[in-house]
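Visitor: What follows is the file start_12.cif, containing mmCIF, C-alpha atoms:
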```cif
data_entry
loop_
_atom_site.label_atom_id
_atom_site.label_comp_id
_atom_site.auth_asym_id
_atom_site.auth_seq_id
_atom_site.Cartn_x
_atom_site.Cartn_y
_atom_site.Cartn_z
CA SER G 160 13.95 6.90 -5.18
CA GLY G 161 10.17 6.66 -5.48
CA LEU G 162 10.50 5.42 -9.06
CA LEU G 163 13.05 2.81 -8.01
CA TYR G 164 10.71 1.53 -5.28
CA PHE G 165 7.83 1.47 -7.78
CA LEU G 166 9.90 -0.59 -10.25
CA CYS G 167 11.07 -2.98 -7.54
CA ASN G 168 7.50 -3.43 -6.37
CA PHE G 169 6.43 -4.53 -9.84
CA TYR G 170 9.54 -6.68 -10.23
CA GLN G 171 8.56 -8.60 -7.10
CA THR G 172 5.00 -8.95 -8.35
CA ILE G 173 6.22 -10.39 -11.65
CA VAL G 174 8.53 -12.84 -9.87
CA PHE G 175 5.79 -13.81 -7.46
CA TRP G 176 3.18 -14.53 -10.13
CA SER G 177 5.44 -16.05 -12.79
CA PRO G 178 5.03 -19.72 -13.78
CA MET G 179 8.44 -20.69 -12.31
CA SER G 180 8.74 -23.00 -9.35
CA ALA G 181 8.38 -21.59 -5.84
CA VAL G 182 12.03 -22.32 -5.00
CA GLU G 183 13.24 -20.52 -8.13
CA ALA G 184 10.85 -17.60 -7.59
CA GLU G 185 12.08 -17.16 -4.03
CA ARG G 186 15.70 -16.69 -5.20
CA TYR G 187 14.95 -13.59 -7.27
CA PRO G 188 13.82 -11.18 -4.53
CA HIS G 189 16.98 -12.10 -2.59
CA LYS G 190 19.07 -10.89 -5.55
CA MET G 191 17.83 -7.35 -5.08
CA PRO G 192 20.15 -5.00 -3.22
CA ASP G 193 19.23 -3.74 0.22
CA PHE G 194 18.61 -0.18 -1.04
CA LYS G 195 20.27 1.50 1.93
CA GLY G 196 20.46 4.67 -0.14
CA LEU G 197 16.69 5.08 -0.08
CA ALA G 198 14.85 7.42 2.23
CA PRO G 199 14.04 5.61 5.51
CA ASP G 200 10.27 5.47 4.90
CA ILE G 201 10.70 4.07 1.38
CA ALA G 202 13.35 1.57 2.53
CA ARG G 203 11.06 0.45 5.37
CA ASP G 204 8.15 0.00 2.97
CA PHE G 205 10.38 -1.91 0.57
CA GLN G 206 11.45 -4.24 3.39
CA ARG G 207 7.78 -4.68 4.30
CA LEU G 208 7.04 -5.67 0.73
CA LEU G 209 9.94 -8.13 0.60
CA LEU G 210 8.91 -9.79 3.88
CA HIS G 211 5.26 -9.91 2.86
CA ASN G 212 6.06 -11.55 -0.47
CA GLN G 213 8.43 -14.11 1.07
CA PHE G 214 5.80 -15.00 3.65
CA THR G 215 2.95 -15.16 1.13
CA LEU G 216 4.96 -17.27 -1.31
CA SER G 217 5.87 -19.80 1.39
CA LEU G 218 2.37 -19.96 2.88
CA ASN G 219 0.52 -20.15 -0.43
CA THR G 220 2.81 -22.86 -1.83
CA GLY G 221 2.52 -24.96 1.33
CA GLN G 222 6.17 -24.57 2.31
CA LEU G 223 5.34 -24.38 5.99
CA ASP G 224 8.85 -25.45 7.00
CA ARG G 225 10.13 -22.08 5.72
CA LEU G 226 7.65 -20.03 7.72
CA PRO G 227 9.32 -20.09 11.16
CA SER G 228 12.43 -18.29 9.91
CA ILE G 229 10.36 -15.80 7.92
CA ILE G 230 8.17 -15.20 10.98
CA GLN G 231 11.32 -14.52 13.02
CA ASP G 232 12.46 -12.03 10.37
CA ILE G 233 9.09 -10.30 10.40
CA ASP G 234 8.99 -10.12 14.20
CA ALA G 235 12.54 -8.69 14.25
CA TRP G 236 11.64 -6.15 11.55
CA LEU G 237 8.52 -5.08 13.45
CA LYS G 238 10.55 -4.68 16.64
CA ARG G 239 13.34 -2.72 14.88
CA ASN G 240 10.80 -0.37 13.36
CA GLU G 241 8.54 -0.03 16.39
CA GLY G 242 6.94 3.39 16.46
CA GLU G 243 7.68 3.96 12.76
CA ILE G 244 5.03 1.64 11.30
CA PRO G 245 1.35 2.58 11.56
CA GLU G 246 -1.04 0.03 13.03
CA ALA G 247 -2.75 -0.23 9.65
CA ARG G 248 0.50 -1.82 8.36
CA ILE G 249 1.24 -3.85 11.50
CA LEU G 250 -2.15 -5.55 11.80
CA PRO G 251 -2.06 -7.35 8.41
CA PHE G 252 1.30 -8.84 9.36
CA LEU G 253 0.03 -9.93 12.77
CA HIS G 254 -3.10 -11.39 11.17
CA ASN G 255 -1.10 -13.40 8.63
CA LEU G 256 1.31 -14.62 11.30
CA LEU G 257 -1.64 -15.66 13.47
CA VAL G 258 -3.16 -17.66 10.62
CA ALA G 259 0.19 -19.33 9.82
CA GLU G 260 0.85 -20.23 13.45
CA PHE G 261 -2.65 -21.69 13.75
CA ILE G 262 -2.22 -23.72 10.55
CA MET G 263 1.18 -24.99 11.73
CA GLY G 264 -0.44 -26.12 14.99
CA ASP G 265 1.51 -23.73 17.19
CA LEU G 266 -1.58 -22.86 19.20
CA ALA G 267 0.19 -21.33 22.21
CA VAL G 268 2.04 -18.86 19.97
CA ALA G 269 -1.17 -18.16 18.04
CA LYS G 270 -2.90 -17.39 21.35
CA LYS G 271 -0.14 -14.88 22.18
CA ARG G 272 -0.53 -13.36 18.71
CA VAL G 273 -4.26 -12.86 19.37
CA ARG G 274 -3.38 -10.90 22.51
CA GLU G 275 -0.84 -8.88 20.56
CA ILE G 276 -3.55 -7.89 18.07
CA GLN G 277 -6.03 -7.09 20.81
CA ASN G 278 -3.52 -4.97 22.75
CA LEU G 279 -2.74 -2.54 19.95
CA PRO G 280 -4.21 0.77 21.14
CA ASN G 281 -6.18 2.12 18.17
CA ARG G 282 -9.37 0.04 18.17
CA LYS G 283 -10.73 1.70 15.02
CA VAL G 284 -7.89 0.53 12.75
CA ARG G 285 -8.61 -2.72 10.89
CA GLU G 286 -11.60 -3.78 12.94
CA ASP G 287 -11.93 -6.76 10.59
CA ILE G 288 -8.60 -8.16 11.80
CA ARG G 289 -9.48 -7.49 15.43
CA ASP G 290 -12.84 -9.23 14.99
CA PHE G 291 -11.16 -12.20 13.34
CA ALA G 292 -8.67 -12.43 16.22
CA GLN G 293 -11.48 -12.40 18.76
CA LEU G 294 -13.27 -15.15 16.87
CA LEU G 295 -10.12 -17.25 16.45
CA GLN G 296 -9.44 -16.84 20.15
CA ALA G 297 -12.57 -18.87 20.87
CA VAL G 298 -11.45 -21.55 18.41
CA LEU G 299 -7.98 -21.62 19.99
CA LEU G 300 -9.42 -22.01 23.48
CA PHE G 301 -11.55 -24.90 22.26
CA GLU G 302 -8.61 -26.54 20.46
CA MET G 303 -6.36 -26.15 23.50
CA ASN G 304 -9.02 -27.44 25.93
CA ASP G 305 -8.47 -24.21 27.85
CA GLU G 306 -11.52 -23.85 30.03
CA GLY G 307 -10.05 -21.27 32.40
CA LEU G 308 -11.28 -18.16 30.62
CA ASP G 309 -13.64 -19.84 28.16
CA ASP G 310 -16.92 -18.58 29.56
CA TYR G 311 -15.69 -15.05 30.21
CA LEU G 312 -14.11 -14.64 26.77
CA LEU G 313 -17.02 -16.23 24.95
CA ARG G 314 -19.51 -13.95 26.71
CA ALA G 315 -17.32 -10.94 25.90
CA GLY G 316 -17.12 -12.07 22.27
CA LYS G 317 -20.87 -12.52 21.99
CA ARG G 318 -21.44 -9.11 23.57
CA HIS G 319 -18.95 -7.53 21.17
CA PHE G 320 -20.51 -9.04 18.06
CA LYS G 321 -24.10 -8.38 19.15
CA ASN G 322 -23.22 -4.67 19.36
CA SER G 323 -21.73 -4.70 15.86
CA PRO G 324 -23.47 -2.60 13.19
CA ARG G 325 -22.99 -5.33 10.57
CA ASP G 326 -24.51 -8.78 10.18
CA VAL G 327 -22.58 -11.12 12.47
CA GLU G 328 -24.66 -14.29 12.33
CA PHE G 329 -21.63 -16.40 11.39
CA GLU G 330 -19.50 -14.99 14.21
CA LEU G 331 -22.22 -15.65 16.77
CA LEU G 332 -22.66 -19.21 15.48
CA VAL G 333 -18.94 -19.89 15.93
CA LEU G 334 -18.99 -18.51 19.46
#
```
I need this file expressed as structure tokens, please.

Guide:
Amino acid sequence: SGLLYFLCNFYQTIVFWSPMSAVEAERYPHKMPDFKGLAPDIARDFQRLLLHNQFTLSLNTGQLDRLPSIIQDIDAWLKRNEGEIPEARILPFLHNLLVAEFIMGDLAVAKKRVREIQNLPNRKVREDIRDFAQLLQAVLLFEMNDEGLDDYLLRAGKRHFKNSPRDVEFELLVL
């Protein structure tokens, strides 16, 4: 089953990067069977790959009208597999969904997505995504004219980035 997953992974990559149109390329991954005969962890990773590629294809080709249904599928998949997916796999999805929701102008949902990222318990996993979420939170508050928690969250953000071991000049400028 590992070999089958490996082949399917490359098949999706070929479809994704081929010179065909985005609409045509999107049809091919849907032709693949559901692979219910695979071990649960491999089937789950295969589904992750399918969802990721559908999302990436739509976002990178500017087909934003397709994103809401894909986002619903991803949210449902994450919920169905809660407790089975490590945070290192969850956070990239949440990050990409946050970016898409921000780009689509759904600021209230993006704000909820920031909280979802911040509330995951293991603070050491994907600190880059957590830092991005904290920074985007300030941008969201500004865009939404939300002055209720502005000062508190901005001070917390500045404090967080000032204690960072890496160069955070850009982050501090944004805040």

Visitor: Mind checking which residues fall within 9 Å of region 222-234 of chain G, counting all atoms listed in the file, ignoring those fewer than 5 positions away in the same chain, and posting them as a list of chain:residue names?

Guide: G:Ala181, G:Arg207, G:Leu210, G:His211, G:Gln213, G:Phe214, G:Leu216, G:Ser217, G:Arg239, G:Phe252, G:Leu256, G:Ala259, G:Glu260, G:Ile262, G:Met263

Visitor: Quick one: axis-aligned box around all listed atoms of region 270-273 of chain G, 6 Å on every side, centre and edge lengths in Å to one decimal, written as JSON.

Guide:
```
{"center_x": -2.2, "center_y": -15.1, "center_z": 20.4, "size_x": 16.1, "size_y": 16.5, "size_z": 15.5}
```

Visitor: Can you work out which one of G:Asp305, G:Asp204, G:Glu183, G:Glu286 has the shortest atom-to-atom distance to Ile244 (chain G), counting all atoms listed in the file?

Guide: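 Nearest to Ile244 (chain G): G:Asp204.
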
Visitor: Using only C-alpha atoms, which residues sit within 7 Å of Leu299 (chain G) once same-chain residues fewer than 3 positions away are excluded, as a PyMOL selection string?

Guide: chain G and resi 266+270+295-296+302-303

Visitor: Within 10 Å of region 240-243 of chain G, counting all atoms listed in the file, which residues qualify if same-chain residues fewer than 6 places away don't, as a list in words?

Guide: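 Answer for this query is Pro199, Asp200, Arg203, Asp234 and Ile249 of chain G.
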
Visitor: Between G:Leu218, G:Thr172, G:Leu257, G:Asn322, which one has atoms that come closest to Ile288 (chain G), using only C-alpha atoms?

Guide: G:Leu257

Visitor: Expand the PyMOL selection byres ((chain G and resi 281-285) around 8) into the individual residues it matches in the shown file, reporting them as a short mmCIF file (atom, residue, chain, number, x, y, z; two decimals) with C-alpha atoms, keeping the file's coordinate frame.

Guide:
```
data_model
loop_
_atom_site.label_atom_id
_atom_site.label_comp_id
_atom_site.auth_asym_id
_atom_site.auth_seq_id
_atom_site.Cartn_x
_atom_site.Cartn_y
_atom_site.Cartn_z
CA GLU G 246 -1.04 0.03 13.03
CA ALA G 247 -2.75 -0.23 9.65
CA LEU G 250 -2.15 -5.55 11.80
CA LEU G 279 -2.74 -2.54 19.95
CA PRO G 280 -4.21 0.77 21.14
CA GLU G 286 -11.60 -3.78 12.94
CA ASP G 287 -11.93 -6.76 10.59
CA ILE G 288 -8.60 -8.16 11.80
CA ARG G 289 -9.48 -7.49 15.43
#
```
